[in-house]
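Visitor: Before I ask anything, let me first share the structure, which is written out below as structure tokens.
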Amino acid sequence: MKNGQIWLDVDGKDIQAHGGCILQYRDRFYWYGENKDAPNCPGRRRVDVIGVSCYSSGNLVDWKYEGLVLKAESDPESPLHFSKVVERPKVLYNEKTNRFVMWMHLDSPDYSFSSVGIAAAEQPTGPFRLIKTTHPNRQESRDMTLYRDEDGTAYLIHAKDWNKTMNIARLNGEYTDLDGTYVSVMADQEREAPALCKHGGQYYMITSGCTGWAPNSALYAVSPQIMGHWKLIDNPCEGPNSRKTFFGQSSFLFTVNQKHYLMLDHWIPENLQKSGYSILPVTFDGDGAMTVRWVDTWNGPEE
Ligand code: GAL
């Protein structure tokens with residue numbers, strides 16, 4: 001797979017899973033993301049909502065389309081109406097309930113509603129049903145991700161206050177709601193597109209700046225506790241185009257065989273349908289400093 005370009009599934013069709021995430025369940029990987037398989041709305045930097053796609057793979061390279069697992073709706077009152085915003089879907093498996101739970105950014109067309117939606121399914125390939133929409137802890141929520149810690153506790157990480165500040169909010173045991181505990185971190189730093197991983201006992205968060213679909217510099221932050229004091233460190237990207245995150249934006253961090261990988265979206269604002277992807281290796285030096293370097297191809301995780 002050529003990094004930076006749109007990738008093809010095993011049927012030779014464009015993979016439509018933007019702003020996505022990867023879930024490992026049993027011996028398969030599931031990639032969920034925004035299906036943007038339509039031309040931009042005339043003169044606008046948007047595609048009307050189609051829904052959330054799911055792809056599955058045994059090796060993270062050959063992806064089989066599993067269909068639209070959450071679909072846009074035609075009722076104008078629905079939070080999933082095609083005129084609205086459904087972005088950055090993230091899915092976790094809940095061991096207690098044996099269900100798959102999806103959280104996503106749900107918004108009005110002008111991004112002023114700023115909420116999250118929570119949906120659940122019995123199978124990784126759906127169908128997902130919307131359970132509720134909420135303003136987490138009565139706060140705004142725009143770009144967001146989920147992070148599941150080793151002890152099974154899960155967190156919603158979401159940009160609030162028009163992206164000024166990031167919140168980390170703990171989920172309930174079923175992952176279907178917040179449990180009321182949260183912290184605000186990186187106050188007034190104006191970051192979005194959060195992605196998290198854990199290495200050497202420390203939590204790492206990569207974020208982008210706030211320039212819409214246009215690429216900017218990534219930054220990473222570190223904390224010894226997920227709800228602790230996060231310290232902004234530096235741009236983790238190195239090499240040519242590292243100031244622009246290699247013309248991409250963070251969508252997800254995942255870990256396979258104890259190696260970490262960063263997934264990027266390469267947005268094409270005037271033709272979002274053709275936006276590309278990349279998966280780049282993430283390395284850490286002995287002091288815990290994080291580095292992301294460009295590689296031209298994604299051939300699957302290292303053994
Ligand atoms: C980006 C954000 C994307 C999308 C876009 C809309 O900053 O990360 O998920 O919301 O803005 O302009």
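Naming scheme: A, B, ... for chains in displayed order of the structure tokens; residues 1 onward per chain; ligands 1 onward as shown.
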Using only C-alpha atoms and all ligand atoms, I'd like a table of the residues in chain A that come within 7 Å of ligand 1; for each, show the closest atom pair and its distance in Å rounded to one decimal, ordered by chain and ascending number, as JSON lines.

Guide:
```
{"residue": "A:Gly19", "atom": "CA", "partner": "ligand 1", "partner_atom_place_in_ligand_line": "9 (O)", "distance": 6.4}
{"residue": "A:Glu87", "atom": "CA", "partner": "ligand 1", "partner_atom_place_in_ligand_line": "9 (O)", "distance": 6.0}
{"residue": "A:Arg88", "atom": "CA", "partner": "ligand 1", "partner_atom_place_in_ligand_line": "9 (O)", "distance": 6.3}
{"residue": "A:Asp143", "atom": "CA", "partner": "ligand 1", "partner_atom_place_in_ligand_line": "9 (O)", "distance": 5.8}
{"residue": "A:Glu192", "atom": "CA", "partner": "ligand 1", "partner_atom_place_in_ligand_line": "8 (O)", "distance": 6.0}
{"residue": "A:Ala193", "atom": "CA", "partner": "ligand 1", "partner_atom_place_in_ligand_line": "8 (O)", "distance": 5.1}
{"residue": "A:Cys210", "atom": "CA", "partner": "ligand 1", "partner_atom_place_in_ligand_line": "7 (O)", "distance": 5.4}
{"residue": "A:Thr211", "atom": "CA", "partner": "ligand 1", "partner_atom_place_in_ligand_line": "7 (O)", "distance": 5.7}
{"residue": "A:Gly212", "atom": "CA", "partner": "ligand 1", "partner_atom_place_in_ligand_line": "7 (O)", "distance": 3.5}
{"residue": "A:Trp213", "atom": "CA", "partner": "ligand 1", "partner_atom_place_in_ligand_line": "1 (C)", "distance": 5.1}
```

Visitor: Rounded to one decimal, what separation in Å do you get between CA of Tyr147 (chain A) and CA of Asn59 (chain A)?

Guide: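 That distance, rounded to one decimal, is 22.1 Å.
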
Visitor: For Asn40 (chain A), please output as a ChimeraX atom specification all residues within 10 Å (counting only C-alpha atoms; exclusion window: fewer than 6 positions along the same chain).

Guide: /A:46-48,269-273

Visitor: Using backbone DSSP assignments, extract all strand (DSSP E) residues from region 152-225 of chain A; output them as a PyMOL selection string.

Guide: chain A and resi 154-160+165-171+178-185+192-199+202-208+219-223

Visitor: With the cut-off set at 9 Å and counting only C-alpha atoms, tabulate each residue of region 37-146 of chain A with an atom at most that distance from an atom of region 164-171 of chain A, showing the nearest atom pair and its distance in Å to one decimal, ordered by chain and increasing number, as a Markdown table.

Guide:
```
| residue | atom | partner | partner_atom | distance |
| --- | --- | --- | --- | --- |
| A:Pro136 | CA | A:Ala169 | CA | 7.8 |
| A:Asn137 | CA | A:Ala169 | CA | 8.1 |
| A:Ser141 | CA | A:Asn167 | CA | 8.7 |
```
